[in-house]
$ cat start_24.txt   # compact mmCIF, C-alpha atoms and all ligand atoms
# COMPACT_ATOMS: atom_id res chain seq x y z
CA MET A 1 88.53 45.88 114.85
CA ARG A 2 88.11 43.92 111.66
CA ALA A 3 84.69 42.60 112.67
CA SER A 4 83.07 46.01 112.53
CA ARG A 5 81.75 45.72 108.97
CA ASP A 6 79.19 42.97 109.63
CA GLY A 7 79.45 42.43 113.37
CA TRP A 8 80.26 39.20 115.14
CA ALA A 9 78.64 35.80 114.78
CA VAL A 10 79.05 34.23 118.22
CA ILE A 11 78.79 30.42 118.17
CA THR A 12 78.77 28.33 121.33
CA GLY A 13 79.81 24.70 120.99
CA ALA A 14 82.17 25.79 118.21
CA SER A 15 85.04 23.50 119.24
CA SER A 16 83.41 20.41 117.74
CA GLY A 17 80.72 18.87 115.56
CA ILE A 18 77.81 21.00 114.34
CA GLY A 19 78.97 24.24 115.99
CA ALA A 20 82.41 23.96 114.37
CA ALA A 21 80.77 23.26 111.00
CA ILE A 22 78.51 26.33 111.38
CA ALA A 23 81.60 28.42 112.15
CA ARG A 24 83.32 27.07 109.02
CA GLY A 25 80.16 27.75 106.97
CA LEU A 26 79.98 31.38 108.15
CA SER A 27 83.74 31.78 107.56
CA ARG A 28 83.36 30.70 103.92
CA ARG A 29 80.98 33.68 103.54
CA GLY A 30 83.60 36.04 104.98
CA GLY A 31 81.96 36.42 108.39
CA ALA A 32 83.64 37.48 111.62
CA VAL A 33 83.23 34.53 113.98
CA VAL A 34 83.63 34.09 117.71
CA LEU A 35 84.19 30.47 118.71
CA ILE A 36 83.08 29.47 122.20
CA GLY A 37 83.75 26.19 124.00
CA ARG A 38 85.84 24.94 126.91
CA ASP A 39 88.60 23.06 125.08
CA GLY A 40 91.17 25.69 124.03
CA GLU A 41 93.13 23.32 121.77
CA ARG A 42 90.12 22.22 119.78
CA LEU A 43 88.94 25.84 119.51
CA ALA A 44 92.37 26.81 118.13
CA ALA A 45 92.17 24.09 115.46
CA VAL A 46 88.69 25.26 114.37
CA ALA A 47 89.93 28.86 114.38
CA ASP A 48 92.74 27.89 111.97
CA ASP A 49 90.16 26.28 109.65
CA CYS A 50 87.99 29.41 109.79
CA ARG A 51 90.93 31.68 108.90
CA SER A 52 91.95 29.51 105.99
CA LEU A 53 88.34 29.47 104.72
CA GLY A 54 88.27 33.28 104.51
CA ALA A 55 86.77 34.52 107.77
CA LEU A 56 86.98 38.30 108.13
CA ASP A 57 88.05 37.87 111.75
CA VAL A 58 88.21 34.94 114.20
CA ARG A 59 88.26 34.96 118.01
CA SER A 60 88.31 31.96 120.35
CA VAL A 61 86.89 32.31 123.83
CA SER A 62 87.37 29.39 126.16
CA LEU A 63 84.58 29.38 128.72
CA ASP A 64 81.92 27.18 130.26
CA VAL A 65 78.52 28.32 128.97
CA CYS A 66 77.04 27.42 132.36
CA SER A 67 79.02 30.31 133.86
CA VAL A 68 76.67 33.26 133.33
CA ASP A 69 79.26 35.79 134.50
CA ALA A 70 81.99 34.52 132.17
CA PHE A 71 79.62 34.60 129.20
CA ALA A 72 78.31 38.08 130.04
CA ALA A 73 81.90 39.38 130.39
CA ALA A 74 82.79 37.93 126.96
CA VAL A 75 79.72 39.61 125.43
CA ARG A 76 80.71 42.97 126.94
CA GLU A 77 84.26 42.68 125.60
CA LEU A 78 83.12 41.73 122.13
CA GLU A 79 80.47 44.44 121.92
CA ALA A 80 83.04 47.04 122.93
CA GLU A 81 84.71 46.23 119.59
CA ALA A 82 81.79 45.43 117.28
CA PRO A 83 78.11 44.47 117.53
CA ILE A 84 77.04 40.87 117.99
CA GLN A 85 74.92 40.37 114.90
CA THR A 86 74.28 36.63 115.22
CA PHE A 87 74.17 34.33 118.23
CA VAL A 88 74.14 30.56 117.69
CA ALA A 89 73.46 28.56 120.88
CA CYS A 90 74.84 25.18 119.85
CA ALA A 91 76.76 24.02 122.96
CA GLY A 92 75.10 20.88 124.19
CA LEU A 93 75.44 17.67 126.06
CA LEU A 94 73.85 14.34 125.18
CA ASP A 95 73.41 12.20 128.24
CA GLY A 96 70.85 9.71 129.44
CA ARG A 97 70.64 6.28 131.00
CA ARG A 98 73.77 4.15 131.25
CA GLU A 99 73.66 0.48 130.22
CA GLY A 100 71.68 -1.44 132.84
CA GLU A 101 69.93 1.63 134.26
CA LEU A 102 66.20 2.17 133.82
CA VAL A 103 66.43 5.96 133.81
CA GLU A 104 69.17 8.56 133.99
CA THR A 105 70.40 9.83 137.35
CA ALA A 106 69.40 13.19 138.85
CA GLU A 107 72.97 14.39 138.36
CA VAL A 108 72.86 13.61 134.64
CA ALA A 109 69.45 15.30 134.28
CA ARG A 110 70.70 18.44 136.03
CA ALA A 111 73.80 18.72 133.85
CA VAL A 112 71.81 18.20 130.65
CA ILE A 113 69.14 20.80 131.49
CA GLY A 114 71.79 23.24 132.75
CA THR A 115 73.91 23.06 129.58
CA ASN A 116 71.29 22.59 126.88
CA LEU A 117 68.47 24.78 128.13
CA THR A 118 69.41 27.13 130.98
CA ALA A 119 72.77 28.17 129.51
CA ALA A 120 71.22 28.75 126.08
CA ILE A 121 68.52 30.99 127.60
CA GLU A 122 71.10 32.88 129.63
CA GLY A 123 73.19 33.35 126.50
CA VAL A 124 70.18 34.84 124.74
CA GLN A 125 69.59 37.14 127.71
CA ALA A 126 73.16 38.41 127.43
CA VAL A 127 73.11 39.19 123.69
CA THR A 128 69.52 40.42 123.23
CA PRO A 129 69.80 43.93 124.77
CA GLY A 130 72.47 44.94 122.24
CA MET A 131 70.45 43.51 119.35
CA LEU A 132 67.30 45.34 120.49
CA ALA A 133 69.17 48.60 120.91
CA ARG A 134 70.40 48.31 117.31
CA GLY A 135 67.07 46.97 116.01
CA GLU A 136 68.68 43.96 114.32
CA GLY A 137 70.06 40.54 115.12
CA THR A 138 69.69 36.82 114.54
CA ILE A 139 69.37 34.16 117.22
CA VAL A 140 69.74 30.47 116.38
CA LEU A 141 68.92 27.79 118.94
CA VAL A 142 70.13 24.27 118.15
CA ALA A 143 67.51 21.86 119.52
CA SER A 144 66.80 18.32 118.21
CA LEU A 145 64.10 16.08 116.76
CA ALA A 146 63.99 14.65 120.31
CA ALA A 147 61.88 17.73 121.09
CA PHE A 148 59.05 16.16 119.06
CA ALA A 149 59.78 12.45 119.58
CA PRO A 150 60.93 12.26 123.22
CA LEU A 151 63.56 9.59 123.92
CA ALA A 152 62.75 7.11 126.70
CA ASP A 153 66.49 6.63 127.21
CA ALA A 154 67.27 10.35 127.55
CA PRO A 155 64.26 12.09 129.15
CA ALA A 156 66.09 15.22 130.35
CA TYR A 157 67.79 15.64 126.96
CA SER A 158 64.36 15.42 125.29
CA ALA A 159 62.93 17.92 127.77
CA SER A 160 65.84 20.33 127.24
CA LYS A 161 65.28 20.31 123.49
CA ALA A 162 61.46 20.59 123.77
CA GLY A 163 62.11 23.53 126.12
CA LEU A 164 64.32 25.19 123.51
CA VAL A 165 61.63 24.76 120.84
CA ALA A 166 59.01 26.39 123.07
CA TYR A 167 61.41 29.10 124.21
CA GLY A 168 62.43 29.89 120.65
CA ALA A 169 58.82 30.12 119.44
CA ALA A 170 57.90 32.45 122.31
CA LEU A 171 61.01 34.58 121.82
CA ARG A 172 60.44 34.85 118.08
CA GLU A 173 56.97 36.25 118.71
CA ALA A 174 58.20 38.61 121.43
CA LEU A 175 60.98 40.07 119.24
CA ALA A 176 59.24 39.93 115.85
CA ASP A 177 58.52 43.67 115.63
CA PHE A 178 61.96 44.72 116.85
CA GLY A 179 64.25 43.45 114.10
CA VAL A 180 65.54 40.36 115.93
CA ARG A 181 64.94 37.04 114.18
CA VAL A 182 64.83 33.70 115.96
CA THR A 183 65.23 30.27 114.34
CA VAL A 184 65.19 26.93 116.14
CA ALA A 185 67.05 24.10 114.38
CA CYS A 186 65.96 20.52 115.01
CA PRO A 187 68.44 18.03 113.54
CA GLY A 188 68.04 14.25 113.53
CA PHE A 189 71.15 12.10 113.98
CA VAL A 190 74.42 13.84 113.09
CA ALA A 191 77.80 12.06 113.10
CA THR A 192 79.77 13.98 115.76
CA PRO A 193 81.72 13.04 118.92
CA MET A 194 78.45 13.46 120.84
CA ALA A 195 76.63 10.94 118.66
CA ALA A 196 79.44 8.42 119.17
CA ARG A 197 78.38 8.08 122.84
CA HIS A 198 74.83 7.18 121.76
CA CYS A 199 74.93 3.37 121.81
CA GLY A 200 72.13 2.30 119.51
CA ALA A 201 70.85 2.67 115.96
CA ARG A 202 71.10 6.15 114.40
CA PRO A 203 68.93 5.98 111.25
CA GLY A 204 69.28 8.71 108.67
CA GLU A 205 72.52 10.03 110.19
CA ILE A 206 74.07 12.92 108.26
CA ASP A 207 77.45 14.59 108.67
CA ALA A 208 78.07 17.83 110.55
CA GLU A 209 78.78 19.86 107.39
CA GLU A 210 75.38 18.91 105.94
CA ALA A 211 73.68 19.70 109.28
CA ALA A 212 75.34 23.13 109.35
CA ARG A 213 74.34 23.76 105.74
CA ARG A 214 70.71 22.91 106.53
CA ILE A 215 70.74 25.15 109.60
CA LEU A 216 72.20 28.11 107.68
CA VAL A 217 69.56 27.67 104.93
CA GLY A 218 66.83 27.72 107.60
CA VAL A 219 68.29 30.90 109.08
CA ALA A 220 68.63 32.59 105.67
CA ARG A 221 64.95 31.80 104.98
CA ASN A 222 63.99 33.10 108.44
CA ARG A 223 62.25 29.85 109.33
CA ALA A 224 60.78 29.64 112.81
CA VAL A 225 61.77 25.98 113.03
CA THR A 226 63.99 24.06 110.66
CA ILE A 227 63.66 20.28 110.79
CA PHE A 228 65.94 17.76 109.05
CA PRO A 229 66.57 15.27 107.56
CA THR A 230 63.13 15.41 105.96
CA GLY A 231 62.04 11.75 106.25
CA ILE A 232 62.90 11.13 109.88
CA GLY A 233 61.81 14.68 110.67
CA TRP A 234 58.28 13.99 109.45
CA LEU A 235 58.27 10.68 111.34
CA ALA A 236 59.25 12.49 114.55
CA LEU A 237 56.45 15.03 114.11
CA TRP A 238 53.92 12.36 113.20
CA SER A 239 54.91 10.09 116.10
CA ARG A 240 53.26 12.49 118.55
CA HIS A 241 49.86 11.72 117.06
CA VAL A 242 49.93 7.92 117.00
CA PRO A 243 48.66 5.72 119.86
CA ALA A 244 51.31 5.07 122.52
CA ALA A 245 51.33 1.29 121.91
CA LEU A 246 52.06 1.80 118.22
CA ARG A 247 54.74 4.39 118.98
CA ARG A 248 56.45 2.02 121.43
CA LEU A 249 56.45 -0.73 118.82
CA GLY A 250 57.89 1.61 116.21
CA THR A 251 60.67 2.91 118.46
CA LYS A 252 61.63 -0.46 120.01
CA ARG A 253 64.61 -0.87 117.71
CA LEU A 254 65.76 2.66 118.45
CA ARG A 255 66.28 2.14 122.19
CA PHE A 256 69.82 3.01 123.32
CA HIS A 257 72.02 3.83 126.28
CA VAL A 258 74.62 6.56 126.61
CA GLU A 259 78.28 5.97 127.38
CA ALA A 260 79.62 8.05 130.24
CA PRO A 261 81.35 11.17 128.91
CA GLU A 262 85.04 11.71 129.56
CA SER A 263 85.56 14.34 132.23
CA PRO A 264 84.66 17.66 130.63
CA PRO A 265 87.50 19.95 129.55
CA GLU A 266 88.29 22.84 131.90
CA ALA A 267 87.79 26.27 130.36
CA SER A 268 91.21 27.94 130.18
N1 LIG B 1 74.93 14.93 117.00
C1 LIG B 1 73.61 14.75 116.94
O1 LIG B 1 73.11 13.66 116.54
C2 LIG B 1 72.67 15.87 117.31
C3 LIG B 1 71.33 15.76 116.97
C4 LIG B 1 70.45 16.77 117.30
C5 LIG B 1 70.90 17.88 117.98
N2 LIG B 1 72.21 17.98 118.32
C6 LIG B 1 72.62 19.17 119.07
O2 LIG B 1 73.65 19.85 118.37
C7 LIG B 1 74.47 20.55 119.30
C8 LIG B 1 75.92 20.25 118.98
O3 LIG B 1 76.16 18.87 119.19
P1 LIG B 1 77.26 18.03 118.40
O4 LIG B 1 76.62 16.81 117.93
O5 LIG B 1 77.98 18.92 117.47
O6 LIG B 1 78.19 17.59 119.62
P2 LIG B 1 79.74 17.71 119.93
O7 LIG B 1 80.54 17.47 118.71
O8 LIG B 1 79.96 16.86 121.13
O9 LIG B 1 79.89 19.26 120.33
C9 LIG B 1 79.34 19.75 121.52
C10 LIG B 1 79.89 21.15 121.68
O10 LIG B 1 79.30 21.75 122.84
C11 LIG B 1 80.35 22.31 123.63
N3 LIG B 1 79.98 22.29 125.03
C12 LIG B 1 79.37 21.31 125.72
N4 LIG B 1 79.21 21.68 127.01
C13 LIG B 1 79.73 22.92 127.12
C14 LIG B 1 79.89 23.84 128.18
N5 LIG B 1 79.44 23.55 129.42
N6 LIG B 1 80.47 25.04 127.94
C15 LIG B 1 80.93 25.35 126.70
N7 LIG B 1 80.81 24.53 125.64
C16 LIG B 1 80.22 23.33 125.85
C17 LIG B 1 81.56 21.42 123.35
O11 LIG B 1 82.74 22.16 123.60
P3 LIG B 1 83.85 21.79 124.73
O12 LIG B 1 83.85 20.32 124.91
O13 LIG B 1 85.10 22.37 124.13
O14 LIG B 1 83.40 22.56 125.92
C18 LIG B 1 81.40 21.17 121.87
O15 LIG B 1 81.94 22.24 121.13
C19 LIG B 1 74.03 20.10 120.68
O16 LIG B 1 73.20 21.09 121.26
C20 LIG B 1 73.24 18.84 120.41
O17 LIG B 1 72.27 18.58 121.40
C21 LIG B 1 73.11 17.01 118.00

$ encode --input "start_24.txt" --output "structure tokens"
Amino acid sequence: MRASRDGWAVITGASSGIGAAIARGLSRRGGAVVLIGRDGERLAAVADDCRSLGALDVRSVSLDVCSVDAFAAAVRELEAEAPIQTFVACAGLLDGRREGELVETAEVARAVIGTNLTAAIEGVQAVTPGMLARGEGTIVLVASLAAFAPLADAPAYSASKAGLVAYGAALREALADFGVRVTVACPGFVATPMAARHCGARPGEIDAEEAARRILVGVARNRAVTIFPTGIGWLALWSRHVPAALRRLGTKRLRFHVEAPESPPEAS
């Protein structure tokens, strides 16, 4: 039970990209990390990195975050050993219109909302009772600048991230007096396998390590919302207040389509 000193940091989407970088960042600080994703092999590789970076303890749990029961069972097992101190909901899916389509299909929209928004909320529901009982905890929701500057080529993705921003703000207020902190992170473009399926310009793209660093700074400062990179972040916020015709002109060169994902890995 090596995690008992500080409790677990549970990170969904830890098999790749930003989630994996957050897990490495917390491991460098000697944290006890729980890596969640579906792809067992990629989780094992990230777990090796975390151990070699000095994590106090590392667990990999292969599950689909859309399976409420599987996630709740994992939370029960972990909490039987040590408290879940931090929950990072980072698992996500970028999808949108394919080349030649005007808008995404209903199937794509359902998958995106289910993974990015519903599963994140259900994850929070599973970890919050323990945090409230102990009077401490940290919840981090990984949203996107698309919450503020909705993407015509990925409407459901934009809605899922705007939903997370609203949910996080409401949750932060609800839990403020009970020792549970909530931060919503809104990155711009980050070079990850997900971004590689975005076929279009990705201005201001940063790497996953820098994104994780910015998120962990936002959490340490207990920010309600942490937005980065700064320049494109301000543009995204400002774009909501300009006339639609001007906004369309400004975003014309940012139009994109999304390549079909490979079939998702099966949780083992
Ligand atoms: N990259 C960007 O430009 C960017 C910008 C803004 C926000 N974000 C957000 O950052 C988060 C991480 O994205 P990323 O760029 O790091 O992408 P990524 O490298 O493709 O990683 C996505 C992660 O989510 C996990 N995942 C997806 N669906 C899952 C499911 N049903 N069950 C369990 N795990 C699932 C994947 O694990 P498995 O495949 O192993 O299941 C993987 O670990 C996402 O929420 C994304 O929306 C990304």

$ closest_atom_pairs --input "start_24.txt" --of "chain A" --to "ligand LIG 1 (chain B)" --cutoff "8 Å" --atoms "all atoms listed in the file" --output "CSV"
residue,atom,partner,partner_atom,distance
A:Thr12,CA,B:LIG1,N7,6.1
A:Gly13,CA,B:LIG1,O15,3.3
A:Ala14,CA,B:LIG1,O15,4.6
A:Ser15,CA,B:LIG1,O15,3.8
A:Ser16,CA,B:LIG1,O15,4.1
A:Gly17,CA,B:LIG1,O5,3.3
A:Ile18,CA,B:LIG1,O5,3.8
A:Gly19,CA,B:LIG1,O5,5.6
A:Ala20,CA,B:LIG1,O15,7.0
A:Ile36,CA,B:LIG1,N7,6.4
A:Gly37,CA,B:LIG1,N7,3.8
A:Arg38,CA,B:LIG1,O14,3.5
A:Asp39,CA,B:LIG1,O13,3.7
A:Gly40,CA,B:LIG1,O13,6.9
A:Arg42,CA,B:LIG1,O13,6.6
A:Leu43,CA,B:LIG1,O13,6.9
A:Ser62,CA,B:LIG1,C15,7.6
A:Leu63,CA,B:LIG1,C15,5.8
A:Asp64,CA,B:LIG1,N6,3.5
A:Val65,CA,B:LIG1,N6,4.0
A:Cys66,CA,B:LIG1,N5,5.4
A:Ala89,CA,B:LIG1,O16,7.5
A:Cys90,CA,B:LIG1,O16,4.6
A:Ala91,CA,B:LIG1,O10,3.4
A:Gly92,CA,B:LIG1,O16,3.5
A:Leu93,CA,B:LIG1,C12,5.4
A:Leu94,CA,B:LIG1,O17,5.9
A:Thr115,CA,B:LIG1,N5,5.6
A:Asn116,CA,B:LIG1,O16,6.1
A:Val142,CA,B:LIG1,O16,5.4
A:Ala143,CA,B:LIG1,C5,5.5
A:Ser144,CA,B:LIG1,C4,4.1
A:Leu145,CA,B:LIG1,C4,6.4
A:Ala146,CA,B:LIG1,C4,7.4
A:Tyr157,CA,B:LIG1,O17,7.7
A:Lys161,CA,B:LIG1,O17,7.5
A:Cys186,CA,B:LIG1,C4,6.3
A:Pro187,CA,B:LIG1,C4,4.4
A:Gly188,CA,B:LIG1,C3,5.0
A:Phe189,CA,B:LIG1,O1,3.6
A:Val190,CA,B:LIG1,O1,3.7
A:Ala191,CA,B:LIG1,N1,5.6
A:Thr192,CA,B:LIG1,O7,4.6
A:Pro193,CA,B:LIG1,O7,4.6
A:Met194,CA,B:LIG1,O8,3.7
A:Ala195,CA,B:LIG1,N1,4.6
A:Glu205,CA,B:LIG1,O1,7.3
A:Ala208,CA,B:LIG1,O5,7.0
A:Pro264,CA,B:LIG1,O12,6.4
A:Pro265,CA,B:LIG1,O12,5.9
A:Glu266,CA,B:LIG1,O14,7.7
A:Ala267,CA,B:LIG1,O14,7.3

$ write_last_selection --input "start_24.txt" --atoms "C-alpha atoms" --output "PDB file, in the frame of the given file"
ATOM      1  CA  THR A  12      78.770  28.330 121.330  1.00  0.00           C
ATOM      2  CA  GLY A  13      79.810  24.700 120.990  1.00  0.00           C
ATOM      3  CA  ALA A  14      82.170  25.790 118.210  1.00  0.00           C
ATOM      4  CA  SER A  15      85.040  23.500 119.240  1.00  0.00           C
ATOM      5  CA  SER A  16      83.410  20.410 117.740  1.00  0.00           C
ATOM      6  CA  GLY A  17      80.720  18.870 115.560  1.00  0.00           C
ATOM      7  CA  ILE A  18      77.810  21.000 114.340  1.00  0.00           C
ATOM      8  CA  GLY A  19      78.970  24.240 115.990  1.00  0.00           C
ATOM      9  CA  ALA A  20      82.410  23.960 114.370  1.00  0.00           C
ATOM     10  CA  ILE A  36      83.080  29.470 122.200  1.00  0.00           C
ATOM     11  CA  GLY A  37      83.750  26.190 124.000  1.00  0.00           C
ATOM     12  CA  ARG A  38      85.840  24.940 126.910  1.00  0.00           C
ATOM     13  CA  ASP A  39      88.600  23.060 125.080  1.00  0.00           C
ATOM     14  CA  GLY A  40      91.170  25.690 124.030  1.00  0.00           C
ATOM     15  CA  ARG A  42      90.120  22.220 119.780  1.00  0.00           C
ATOM     16  CA  LEU A  43      88.940  25.840 119.510  1.00  0.00           C
ATOM     17  CA  SER A  62      87.370  29.390 126.160  1.00  0.00           C
ATOM     18  CA  LEU A  63      84.580  29.380 128.720  1.00  0.00           C
ATOM     19  CA  ASP A  64      81.920  27.180 130.260  1.00  0.00           C
ATOM     20  CA  VAL A  65      78.520  28.320 128.970  1.00  0.00           C
ATOM     21  CA  CYS A  66      77.040  27.420 132.360  1.00  0.00           C
ATOM     22  CA  ALA A  89      73.460  28.560 120.880  1.00  0.00           C
ATOM     23  CA  CYS A  90      74.840  25.180 119.850  1.00  0.00           C
ATOM     24  CA  ALA A  91      76.760  24.020 122.960  1.00  0.00           C
ATOM     25  CA  GLY A  92      75.100  20.880 124.190  1.00  0.00           C
ATOM     26  CA  LEU A  93      75.440  17.670 126.060  1.00  0.00           C
ATOM     27  CA  LEU A  94      73.850  14.340 125.180  1.00  0.00           C
ATOM     28  CA  THR A 115      73.910  23.060 129.580  1.00  0.00           C
ATOM     29  CA  ASN A 116      71.290  22.590 126.880  1.00  0.00           C
ATOM     30  CA  VAL A 142      70.130  24.270 118.150  1.00  0.00           C
ATOM     31  CA  ALA A 143      67.510  21.860 119.520  1.00  0.00           C
ATOM     32  CA  SER A 144      66.800  18.320 118.210  1.00  0.00           C
ATOM     33  CA  LEU A 145      64.100  16.080 116.760  1.00  0.00           C
ATOM     34  CA  ALA A 146      63.990  14.650 120.310  1.00  0.00           C
ATOM     35  CA  TYR A 157      67.790  15.640 126.960  1.00  0.00           C
ATOM     36  CA  LYS A 161      65.280  20.310 123.490  1.00  0.00           C
ATOM     37  CA  CYS A 186      65.960  20.520 115.010  1.00  0.00           C
ATOM     38  CA  PRO A 187      68.440  18.030 113.540  1.00  0.00           C
ATOM     39  CA  GLY A 188      68.040  14.250 113.530  1.00  0.00           C
ATOM     40  CA  PHE A 189      71.150  12.100 113.980  1.00  0.00           C
ATOM     41  CA  VAL A 190      74.420  13.840 113.090  1.00  0.00           C
ATOM     42  CA  ALA A 191      77.800  12.060 113.100  1.00  0.00           C
ATOM     43  CA  THR A 192      79.770  13.980 115.760  1.00  0.00           C
ATOM     44  CA  PRO A 193      81.720  13.040 118.920  1.00  0.00           C
ATOM     45  CA  MET A 194      78.450  13.460 120.840  1.00  0.00           C
ATOM     46  CA  ALA A 195      76.630  10.940 118.660  1.00  0.00           C
ATOM     47  CA  GLU A 205      72.520  10.030 110.190  1.00  0.00           C
ATOM     48  CA  ALA A 208      78.070  17.830 110.550  1.00  0.00           C
ATOM     49  CA  PRO A 264      84.660  17.660 130.630  1.00  0.00           C
ATOM     50  CA  PRO A 265      87.500  19.950 129.550  1.00  0.00           C
ATOM     51  CA  GLU A 266      88.290  22.840 131.900  1.00  0.00           C
ATOM     52  CA  ALA A 267      87.790  26.270 130.360  1.00  0.00           C
TER      53      ALA A 267
END

$ atom_distance --input "start_24.txt" --atom1 "CA of Arg223 (chain A)" --atom2 "CA of Val182 (chain A)"
8.1 Å

$ closest_residue --input "start_24.txt" --among "A:Asp177, A:Ala244, A:Ala119, A:Ala154" --to "Ala70 (chain A)" --atoms "all atoms listed in the file"
A:Ala119

$ closest_atom_pairs --input "start_24.txt" --of "region 34-122 of chain A" --to "region 247-259 of chain A" --cutoff "8 Å" --atoms "all atoms listed in the file" --output "JSON lines"
{"residue": "A:Leu94", "atom": "CA", "partner": "A:Val258", "partner_atom": "CA", "distance": 7.9}
{"residue": "A:Asp95", "atom": "CA", "partner": "A:Val258", "partner_atom": "CA", "distance": 6.0}
{"residue": "A:Gly96", "atom": "CA", "partner": "A:Val258", "partner_atom": "CA", "distance": 5.7}
{"residue": "A:Arg97", "atom": "CA", "partner": "A:His257", "partner_atom": "CA", "distance": 5.5}
{"residue": "A:Arg98", "atom": "CA", "partner": "A:His257", "partner_atom": "CA", "distance": 5.3}
{"residue": "A:Glu99", "atom": "CA", "partner": "A:His257", "partner_atom": "CA", "distance": 5.4}

$ closest_residue --input "start_24.txt" --among "A:Phe71, A:Tyr167, A:Phe228, A:Trp234" --to "Val140 (chain A)" --atoms "all atoms listed in the file"
A:Tyr167

$ atom_distance --input "start_24.txt" --atom1 "CA of Ile113 (chain A)" --atom2 "CA of Ala224 (chain A)"
22.3 Å

$ atom_distance --input "start_24.txt" --atom1 "CA of Ala44 (chain A)" --atom2 "CA of Gly30 (chain A)"
18.3 Å

$ closest_residue --input "start_24.txt" --among "A:Val103, A:Ala152, A:Val225, A:Val165" --to "Ala120 (chain A)" --atoms "all atoms listed in the file"
A:Val165

$ closest_residue --input "start_24.txt" --among "A:Leu141, A:Ala156, A:Ile121, A:Val10" --to "Val108 (chain A)" --atoms "all atoms listed in the file"
A:Ala156

$ closest_residue --input "start_24.txt" --among "A:Ala133, A:Ala21, A:Ala106, A:Val61" --to "Phe178 (chain A)" --atoms "all atoms listed in the file"
A:Ala133

$ closest_residue --input "start_24.txt" --among "A:Leu53, A:Ala74, A:Ala149, A:Val112" --to "Ala126 (chain A)" --atoms "all atoms listed in the file"
A:Ala74
